[in-house]
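Engineer: Dropping in coords.txt, which is compact mmCIF, C-alpha atoms:
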# COMPACT_ATOMS: atom_id res chain seq x y z
CA MET B 225 73.53 -192.26 -69.95
CA VAL B 226 71.62 -190.68 -72.86
CA THR B 227 70.17 -187.26 -72.08
CA PRO B 228 66.43 -187.24 -72.87
CA SER B 229 65.21 -184.72 -75.44
CA ASP B 230 62.65 -182.01 -74.71
CA VAL B 231 60.05 -184.01 -76.61
CA GLU B 232 60.68 -187.11 -74.50
CA LEU B 233 60.52 -185.10 -71.29
CA VAL B 234 57.26 -183.38 -72.29
CA LEU B 235 55.63 -186.69 -73.18
CA SER B 236 56.76 -188.19 -69.87
CA ALA B 237 55.54 -185.13 -67.96
CA LYS B 238 52.14 -185.36 -69.64
CA HIS B 239 51.85 -188.87 -68.25
CA GLY B 240 52.59 -187.61 -64.75
CA THR B 241 56.31 -188.29 -64.49
CA VAL B 242 57.45 -185.81 -61.88
CA GLU B 243 61.16 -186.01 -62.64
CA ALA B 244 60.56 -185.15 -66.31
CA LEU B 245 58.76 -181.95 -65.48
CA GLY B 246 61.45 -180.95 -63.01
CA LEU B 247 64.15 -181.54 -65.63
CA LEU B 248 62.27 -179.45 -68.18
CA LEU B 249 61.96 -176.48 -65.84
CA ALA B 250 65.59 -176.76 -64.77
CA ARG B 251 66.78 -177.02 -68.38
CA HIS B 252 64.89 -173.90 -69.50
CA GLU B 253 65.14 -171.76 -66.37
CA ALA B 254 68.06 -169.72 -67.71
CA GLY B 255 66.15 -168.86 -70.88
CA MET B 256 63.03 -167.98 -68.89
CA ARG B 257 65.05 -165.73 -66.62
CA ALA B 258 66.73 -164.05 -69.58
CA VAL B 259 63.32 -163.11 -71.01
CA ALA B 260 62.21 -161.68 -67.67
CA LEU B 261 65.42 -159.67 -67.32
CA SER B 262 65.11 -158.28 -70.85
CA ILE B 263 61.63 -156.93 -70.08
CA LEU B 264 61.78 -156.04 -66.38
CA GLY B 265 65.45 -155.36 -65.79
CA TYR B 266 67.19 -156.44 -62.61
CA GLY B 267 64.98 -156.59 -59.53
CA PRO B 268 62.88 -158.86 -57.28
CA ASP B 269 60.07 -159.04 -59.85
CA VAL B 270 62.24 -161.25 -62.05
CA ASP B 271 62.22 -164.07 -59.49
CA ASP B 272 58.47 -163.65 -58.97
CA VAL B 273 57.75 -163.87 -62.68
CA VAL B 274 59.93 -166.94 -63.27
CA GLN B 275 58.37 -168.71 -60.28
CA ASP B 276 54.87 -167.80 -61.39
CA ALA B 277 55.62 -169.02 -64.90
CA ALA B 278 56.89 -172.33 -63.51
CA LEU B 279 53.64 -172.80 -61.60
CA ILE B 280 51.60 -172.03 -64.72
CA ALA B 281 53.68 -174.58 -66.64
CA LEU B 282 52.94 -177.17 -63.94
CA GLY B 283 49.26 -176.64 -64.51
CA ARG B 284 49.31 -176.47 -68.30
CA ILE B 285 51.91 -178.96 -69.52
CA GLY B 286 49.11 -181.32 -70.53
CA ASP B 287 47.80 -178.74 -72.99
CA LEU B 288 51.07 -178.19 -74.89
CA ARG B 289 50.28 -179.46 -78.39
CA ASP B 290 53.82 -179.40 -79.82
CA PRO B 291 56.30 -180.96 -77.35
CA ALA B 292 59.23 -179.69 -79.42
CA ALA B 293 58.10 -176.12 -78.75
CA VAL B 294 58.32 -176.34 -74.96
CA GLY B 295 61.17 -173.81 -74.79
CA PRO B 296 59.34 -171.05 -76.69
CA TRP B 297 56.15 -171.98 -74.81
CA LEU B 298 57.83 -171.42 -71.43
CA LYS B 299 59.30 -168.13 -72.63
CA MET B 300 55.86 -167.04 -73.85
CA ILE B 301 54.43 -167.64 -70.38
CA VAL B 302 57.22 -165.52 -68.87
CA ARG B 303 56.66 -162.78 -71.47
CA ASN B 304 52.92 -162.68 -70.73
CA GLU B 305 53.58 -162.52 -66.99
CA CYS B 306 56.02 -159.63 -67.45
CA ARG B 307 53.67 -157.64 -69.66
CA MET B 308 50.78 -158.04 -67.27
CA ARG B 309 52.96 -157.00 -64.36
CA LEU B 310 54.04 -153.87 -66.22
CA ARG B 311 50.44 -153.01 -67.00
CA ARG B 312 49.65 -153.33 -63.27
CA VAL B 313 46.63 -155.54 -63.71
CA PRO B 314 45.98 -158.90 -61.99
CA GLU B 315 48.51 -161.46 -63.16
CA VAL B 316 47.58 -164.62 -65.09
CA PRO B 317 46.24 -167.10 -62.55
CA PHE B 318 47.53 -170.62 -62.18
CA ASP B 319 45.12 -172.02 -64.76
CA GLY B 320 46.94 -170.15 -67.54
CA ALA B 321 43.68 -168.66 -68.80
CA GLU B 322 45.47 -166.33 -71.22
CA LEU B 323 47.05 -169.33 -72.93
CA LEU B 324 43.74 -171.06 -73.63
CA ALA B 325 40.97 -168.50 -74.01
CA GLY B 326 37.49 -169.62 -73.11
CA GLU B 327 38.31 -171.79 -70.10
CA ALA B 328 36.57 -169.92 -67.33
CA GLU B 329 37.36 -172.05 -64.30
CA PRO B 330 40.87 -172.95 -63.09
CA ASP B 331 39.65 -176.15 -61.42
CA ARG B 332 38.46 -177.43 -64.82
CA ALA B 333 41.84 -176.69 -66.36
CA ILE B 334 43.89 -178.59 -63.80
CA GLU B 335 41.52 -181.55 -64.00
CA GLN B 336 42.70 -182.14 -67.56
CA HIS B 337 46.07 -183.66 -66.73
CA ALA B 338 47.58 -186.27 -64.44
CA LEU B 339 49.52 -183.81 -62.27
CA ARG B 340 46.40 -182.28 -60.66
CA ASP B 341 46.24 -184.35 -57.49
CA TRP B 342 50.02 -184.28 -57.08
CA ILE B 343 50.03 -180.47 -57.13
CA TRP B 344 47.18 -180.17 -54.63
CA HIS B 345 48.72 -182.75 -52.32
CA ALA B 346 51.99 -180.83 -52.38
CA MET B 347 50.16 -177.60 -51.57
CA GLY B 348 48.62 -179.40 -48.61
CA GLU B 349 52.13 -179.90 -47.24
CA LEU B 350 52.57 -176.14 -46.85
CA SER B 351 51.70 -174.38 -43.61
CA PRO B 352 48.34 -172.53 -43.64
CA LYS B 353 50.02 -169.11 -43.59
CA LEU B 354 51.98 -169.98 -46.75
CA ARG B 355 49.27 -171.96 -48.50
CA LEU B 356 46.53 -169.31 -48.27
CA PRO B 357 48.33 -166.50 -50.17
CA LEU B 358 49.41 -169.01 -52.81
CA MET B 359 45.84 -170.23 -53.27
CA LEU B 360 44.51 -166.69 -53.52
CA ARG B 361 47.11 -165.50 -56.00
CA HIS B 362 46.97 -168.45 -58.37
CA PHE B 363 43.41 -169.76 -58.11
CA THR B 364 41.11 -166.77 -57.47
CA GLU B 365 40.45 -163.20 -58.54
CA VAL B 366 42.10 -161.97 -55.33
CA THR B 367 45.47 -161.72 -57.05
CA SER B 368 47.07 -158.38 -56.18
CA TYR B 369 49.41 -158.07 -53.21
CA ASP B 370 47.13 -155.41 -51.70
CA GLN B 371 44.10 -157.68 -51.87
CA ILE B 372 45.96 -160.67 -50.46
CA ALA B 373 47.42 -158.53 -47.67
CA ALA B 374 43.91 -157.38 -46.71
CA ALA B 375 42.56 -160.93 -46.81
CA CYS B 376 45.39 -162.30 -44.67
CA GLU B 377 45.60 -159.23 -42.42
CA VAL B 378 49.34 -158.81 -42.96
CA PRO B 379 51.49 -156.10 -44.61
CA VAL B 380 52.16 -156.25 -48.36
CA GLY B 381 55.83 -156.99 -47.67
CA THR B 382 54.80 -160.05 -45.69
CA VAL B 383 52.68 -161.23 -48.61
CA ARG B 384 55.70 -161.01 -50.93
CA SER B 385 57.84 -162.89 -48.43
CA ARG B 386 55.25 -165.60 -47.86
CA LEU B 387 54.66 -166.09 -51.57
CA ASN B 388 58.38 -166.50 -52.15
CA GLN B 389 58.63 -168.98 -49.28
CA ALA B 390 55.54 -170.82 -50.50
CA ARG B 391 56.88 -171.19 -54.05
CA SER B 392 60.20 -172.50 -52.78
CA LYS B 393 58.60 -174.92 -50.33
CA LEU B 394 56.07 -176.01 -52.95
CA ALA B 395 58.90 -177.08 -55.23
CA ASP B 396 60.39 -179.13 -52.38
CA ALA B 397 56.97 -180.57 -51.52
CA LEU B 398 56.36 -181.52 -55.14
CA ARG B 399 59.57 -183.51 -55.18
CA GLY B 400 58.94 -185.01 -51.76
CA THR B 401 55.37 -186.11 -52.45
CA ALA B 402 55.85 -187.44 -55.95
CA GLU B 403 55.50 -191.09 -54.94
CA LYS B 404 52.74 -190.64 -52.35
CA ALA B 405 49.09 -191.41 -52.83
CA HIS B 406 47.17 -188.22 -53.42
CA ASP B 407 43.69 -187.21 -52.40
CA ASP B 408 41.35 -186.66 -55.31
CA ALA B 409 41.37 -182.87 -55.60
CA ALA B 410 38.54 -182.83 -58.12
CA LYS B 411 36.24 -184.69 -55.75
CA LEU B 412 37.05 -182.35 -52.88
CA THR B 413 36.47 -179.28 -55.05
CA ALA B 414 33.20 -180.70 -56.37
CA LYS B 415 32.04 -181.49 -52.82
CA ARG B 416 32.78 -177.96 -51.58
CA ARG B 417 31.13 -176.49 -54.68
CA ARG B 418 27.96 -178.48 -54.00
CA GLU B 419 28.01 -177.25 -50.41
CA GLY B 420 28.14 -173.67 -51.66
CA ILE B 421 25.28 -174.13 -54.11
CA GLU B 422 23.21 -175.89 -51.45
CA THR B 423 23.96 -173.07 -49.02
CA LEU B 424 22.61 -170.49 -51.48
CA GLU B 425 19.53 -172.60 -52.21
CA ALA B 426 18.82 -173.04 -48.50
CA ALA B 427 19.18 -169.29 -47.92
CA GLU B 428 16.67 -168.49 -50.67
CA GLN B 429 14.27 -170.99 -49.09
CA GLY B 430 14.61 -169.37 -45.66
CA ARG B 431 16.75 -172.19 -44.23
CA PHE B 432 20.07 -170.37 -43.94
CA PRO B 433 20.08 -170.56 -40.08
CA GLU B 434 19.92 -174.36 -40.41
CA VAL B 435 23.04 -174.33 -42.56
CA VAL B 436 24.92 -172.01 -40.20
CA ALA B 437 23.98 -174.27 -37.28
CA GLY B 438 26.21 -176.91 -38.85
CA TRP B 439 29.22 -174.59 -38.93
CA SER B 440 31.59 -173.95 -36.03
CA PRO B 441 29.78 -172.62 -32.94
CA HIS B 442 32.52 -170.00 -32.79
CA ILE B 443 31.99 -168.81 -36.37
CA GLU B 444 33.36 -165.34 -37.12
CA LEU B 445 32.41 -163.17 -40.09
CA ILE B 446 34.69 -160.37 -41.31
CA SER B 447 33.39 -158.02 -43.98
CA GLY B 448 35.31 -154.77 -44.32
CA SER B 449 35.21 -153.10 -40.92
CA LEU B 450 32.39 -155.37 -39.70
CA ARG B 451 33.14 -158.29 -37.43
CA GLY B 452 30.66 -160.56 -35.75
CA GLY B 453 29.42 -164.06 -35.08
CA VAL B 454 26.39 -166.12 -35.99
CA ASP B 455 23.96 -163.21 -35.79
CA LEU B 456 25.97 -161.10 -38.25
CA VAL B 457 26.31 -164.03 -40.67
CA ILE B 458 22.57 -164.66 -40.74
CA ARG B 459 21.61 -160.97 -40.72
CA GLY B 460 23.90 -160.22 -43.65
CA MET B 461 22.47 -162.98 -45.85
CA ASP B 462 18.87 -162.28 -44.90
CA GLY B 463 19.39 -158.56 -45.52
CA ASP B 464 20.71 -159.12 -49.03
CA LEU B 465 17.84 -161.46 -49.89
CA ALA B 466 15.29 -159.01 -48.51
CA ASP B 467 16.78 -156.33 -50.77
CA GLY B 468 16.41 -158.61 -53.78
CA VAL B 469 20.11 -159.48 -54.08
CA ARG B 470 20.95 -163.04 -55.13
CA GLN B 471 24.31 -164.83 -55.32
CA ARG B 472 25.35 -167.36 -57.94
CA MET B 473 28.27 -169.77 -57.62
CA ARG B 474 30.95 -169.12 -60.22
CA HIS B 475 34.11 -170.84 -59.01
CA THR B 476 35.31 -172.92 -56.07
CA VAL B 477 38.80 -173.53 -54.69
CA ALA B 478 39.32 -176.07 -51.92
CA SER B 479 42.03 -177.53 -49.73
CA LYS B 480 41.75 -179.54 -46.53
CA ASP B 481 41.35 -176.47 -44.31
CA VAL B 482 40.33 -173.68 -46.70
CA THR B 483 37.32 -173.18 -48.98
CA ILE B 484 37.00 -170.25 -51.38
CA TRP B 485 33.70 -169.52 -53.10
CA GLU B 486 33.68 -166.89 -55.83
CA MET B 487 30.13 -165.64 -56.36
CA ASP B 488 28.41 -163.37 -58.86
CA MET B 489 26.07 -160.94 -57.10
CA MET B 490 22.85 -160.20 -58.99
CA ASN B 491 21.14 -156.99 -57.98
CA PRO B 492 17.43 -156.26 -58.49
CA PRO B 493 16.54 -154.44 -61.75
CA ASP B 494 15.35 -151.36 -59.88
CA ASP B 495 18.61 -151.09 -57.89
CA PRO B 496 21.41 -152.37 -60.18
CA PHE B 497 24.25 -150.93 -58.07
CA HIS B 498 23.02 -152.08 -54.67
CA CYS B 499 25.96 -154.48 -54.24
CA PRO B 500 29.30 -154.95 -56.05
CA PRO B 501 29.17 -157.40 -58.97
CA GLY B 502 31.00 -160.16 -57.13
CA VAL B 503 32.03 -161.44 -53.73
CA VAL B 504 34.63 -163.93 -52.56
CA TRP B 505 33.89 -166.09 -49.53
CA LEU B 506 37.26 -166.93 -47.98
CA MET B 507 36.59 -169.58 -45.34
CA SER B 508 39.01 -171.13 -42.88
CA LEU B 509 37.83 -174.52 -41.65
CA GLN B 510 38.09 -176.18 -38.28
CA ASP B 511 37.30 -179.90 -38.13
CA GLY B 512 35.91 -179.57 -41.64
CA ARG B 513 33.44 -176.80 -40.70
CA PRO B 514 33.67 -173.07 -41.48
CA ARG B 515 35.28 -171.23 -38.56
CA THR B 516 36.17 -167.86 -40.08
CA ILE B 517 34.52 -166.27 -43.11
CA ARG B 518 36.01 -163.22 -44.76
CA LEU B 519 33.96 -161.54 -47.49
CA ILE B 520 36.00 -159.76 -50.18
CA HIS B 521 34.73 -157.68 -53.11
CA PRO B 522 37.60 -157.75 -55.65
CA ALA B 523 35.92 -155.31 -58.02
CA VAL B 524 36.02 -152.50 -55.46
CA THR B 525 39.52 -153.18 -54.13
CA THR B 526 42.48 -151.12 -55.32
CA VAL B 527 44.50 -153.36 -57.63
CA THR B 528 48.27 -153.10 -57.63
CA SER B 529 51.02 -155.62 -58.08
Any chance you could put this one into structure tokens?

Structural biologist:
Amino acid sequence: MVTPSDVELVLSAKHGTVEALGLLLARHEAGMRAVALSILGYGPDVDDVVQDAALIALGRIGDLRDPAAVGPWLKMIVRNECRMRLRRVPEVPFDGAELLAGEAEPDRAIEQHALRDWIWHAMGELSPKLRLPLMLRHFTEVTSYDQIAAACEVPVGTVRSRLNQARSKLADALRGTAEKAHDDAAKLTAKRRREGIETLEAAEQGRFPEVVAGWSPHIELISGSLRGGVDLVIRGMDGDLADGVRQRMRHTVASKDVTIWEMDMMNPPDDPFHCPPGVVWLMSLQDGRPRTIRLIHPAVTTVTS
């Protein structure tokens, strides 16, 4: 049997051939690991970086212009991941934004190639406790272990453990779901994005209680040390609007039981620092309706990796 070349594997992977992508990552894993070791030295961060780089490659293989350069391309992803980790800033998210400057939204990036729905279907095979930290780290601005730990209400060590488990299980799920029919991830994301925009419009028109009435009757809001139900949800939104604060949808991430809205917060001109510049709505769904909402302000959270 003739061994396929890198070029052949890249071209096959771009057309959605799962086995080709798996062979590429397996073929170049040693080189990717060697780059990580040369920069980070021996330690657990090496595995994290190589796994993160593999996930970025999954999302960006369709954008590789020169198939013959896949080896250096994979090593470049690892090198960027290592440097960002050493600088202790949020790591490159799953969309590979550092590789293609100017693409602001990860969901737009993954829509550009045939592997999108396969990846999201495989993520849906993970348990909620593993899927949530993976979604946060690779698809939102809530990327540091401290931030994810706060969002999931678990210790940082548990976040590391769950991310490692999630990456391993994701690889298995990708192989196991390769031949299955996949839900259209773009349609789901677009639907949840529209819901977010319509929610903001309704709030500005004084109809936010009508929207909340369609959510779970047991809705819980968590914002810092505040916890409450329907009254707190409505009071918080109405209070911001009364103070002249508006929210604008910037990015949406969606799975079957989680919705994440990333919003810009626009303060009134006479009070420009009333609220942080952004807020993340992390929503767990029950029967398709928001059940738990956690509000996170990434800009005011201590960032470590």

Engineer: Identify which of the residues B:Val273, B:Val503, B:Asp494, B:Ala278 lies closest to Val366 in chain B, counting only C-alpha atoms when measuring atom-to-atom distances.

Structural biologist: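 Once distances to Val366 in chain B are computed over only C-alpha atoms, the minimum belongs to B:Val503.
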
Engineer: For Leu506 in chain B, find every residue with an atom within 6 Å (counting only C-alpha atoms), except residues of its own chain fewer than 6 positions away, and show them as a ChimeraX atom specification.

Structural biologist: /B:484,517-518

Engineer: Excluding Trp485 in chain B and any residue of its chain fewer than 2 positions from it, enumerate the residues within 8 Å of it, using only C-alpha atoms, and give them as a PyMOL selection string.

Structural biologist: chain B and resi 417+420+473-477+483+487+504-506

Engineer: Which residues are close to Val380 in chain B, i.e. within 12 Å by all atoms listed in the file, leaving aside same-chain residues fewer than 6 positions away? Reply as a PyMOL selection string.

Structural biologist: chain B and resi 357+368-374+386-387+528-529

Engineer: Between CA of Gly348 in chain B and CA of Arg416 in chain B, measure the distance and give it in Å to one decimal.

Structural biologist: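 Taking CA of Gly348 in chain B and CA of Arg416 in chain B, their separation equals 16.2 Å.
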
Engineer: Go through B:His442, B:Arg451, B:Arg361, B:Arg257 and flag the residue nearest Arg513 in chain B, using all atoms listed in the file for the distances.

Structural biologist: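 Under the stated criterion, the closest residue is B:His442.
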
Engineer: May I have the residues at most 10 Å from (31.9, -166.8, -39.1) in the file's coordinates, counting all atoms listed in the file, as a VMD selection string?

Structural biologist: chain B and resid 436 439 to 446 451 to 458 507 to 508 514 to 518

Engineer: Please provide the set of residues having any atom within 12 Å of Asp271 in chain B, restricted to all atoms listed in the file, with same-chain residues fewer than 2 positions apart removed, written as a PDB file with C-alpha atoms, in the coordinates of the input.

Structural biologist:
ATOM      1  CA  GLU B 253      65.140-171.760 -66.370  1.00  0.00           C
ATOM      2  CA  ALA B 254      68.060-169.720 -67.710  1.00  0.00           C
ATOM      3  CA  MET B 256      63.030-167.980 -68.890  1.00  0.00           C
ATOM      4  CA  ARG B 257      65.050-165.730 -66.620  1.00  0.00           C
ATOM      5  CA  ALA B 258      66.730-164.050 -69.580  1.00  0.00           C
ATOM      6  CA  VAL B 259      63.320-163.110 -71.010  1.00  0.00           C
ATOM      7  CA  ALA B 260      62.210-161.680 -67.670  1.00  0.00           C
ATOM      8  CA  LEU B 261      65.420-159.670 -67.320  1.00  0.00           C
ATOM      9  CA  LEU B 264      61.780-156.040 -66.380  1.00  0.00           C
ATOM     10  CA  GLY B 265      65.450-155.360 -65.790  1.00  0.00           C
ATOM     11  CA  TYR B 266      67.190-156.440 -62.610  1.00  0.00           C
ATOM     12  CA  GLY B 267      64.980-156.590 -59.530  1.00  0.00           C
ATOM     13  CA  PRO B 268      62.880-158.860 -57.280  1.00  0.00           C
ATOM     14  CA  ASP B 269      60.070-159.040 -59.850  1.00  0.00           C
ATOM     15  CA  VAL B 273      57.750-163.870 -62.680  1.00  0.00           C
ATOM     16  CA  VAL B 274      59.930-166.940 -63.270  1.00  0.00           C
ATOM     17  CA  GLN B 275      58.370-168.710 -60.280  1.00  0.00           C
ATOM     18  CA  ASP B 276      54.870-167.800 -61.390  1.00  0.00           C
ATOM     19  CA  ALA B 277      55.620-169.020 -64.900  1.00  0.00           C
ATOM     20  CA  ALA B 278      56.890-172.330 -63.510  1.00  0.00           C
ATOM     21  CA  VAL B 302      57.220-165.520 -68.870  1.00  0.00           C
ATOM     22  CA  GLU B 305      53.580-162.520 -66.990  1.00  0.00           C
ATOM     23  CA  CYS B 306      56.020-159.630 -67.450  1.00  0.00           C
ATOM     24  CA  ARG B 384      55.700-161.010 -50.930  1.00  0.00           C
ATOM     25  CA  SER B 385      57.840-162.890 -48.430  1.00  0.00           C
ATOM     26  CA  LEU B 387      54.660-166.090 -51.570  1.00  0.00           C
ATOM     27  CA  ASN B 388      58.380-166.500 -52.150  1.00  0.00           C
ATOM     28  CA  GLN B 389      58.630-168.980 -49.280  1.00  0.00           C
ATOM     29  CA  ARG B 391      56.880-171.190 -54.050  1.00  0.00           C
ATOM     30  CA  SER B 392      60.200-172.500 -52.780  1.00  0.00           C
TER      31      SER B 392
END

Engineer: How far is it from CA of Glu377 in chain B to CA of Cys499 in chain B, in Å with one decimal?

Structural biologist: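 The value is 23.4 Å.
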
Engineer: Please identify all polymer residues within 12 Å of Asp230 in chain B, counting all atoms listed in the file, omitting same-chain residues fewer than 5 positions from it, and present them as a list of chain:residue names.

Structural biologist: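 Close residues of Asp230 in chain B: B:Leu235, B:Ser236, B:Ala237, B:Ala244, B:Leu245, B:Gly246, B:Leu247, B:Leu248, B:Leu249, B:Ala250, B:Arg251, B:His252, B:Asp290, B:Pro291, B:Ala292, B:Ala293, B:Val294, B:Gly295, B:Pro296, B:Trp297.
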
Engineer: With distances taken over only C-alpha atoms, which residue among B:Gly502, B:Gly255, B:Gly283, B:Pro493 lies nearest Arg303 in chain B?

Structural biologist: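 Checking each of B:Gly502, B:Gly255, B:Gly283, B:Pro493 against Arg303 in chain B, counting only C-alpha atoms, the winner is B:Gly255.
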
Engineer: Draw an axis-aligned box tight on the listed atoms of range 423-432 of chain B, then pad every side by 8 Å and write out centre and edge lengths in Å to one decimal as lines of an AutoDock Vina configuration file.

Structural biologist:
center_x = 19.1
center_y = -170.8
center_z = -48.1
size_x = 25.7
size_y = 20.6
size_z = 24.3

Engineer: Quick check, in Å to one decimal: how far apart do CA of Met461 in chain B and CA of Ala375 in chain B lie?

Structural biologist: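 Answer for the CA of Met461 in chain B to CA of Ala375 in chain B separation: 20.2 Å.
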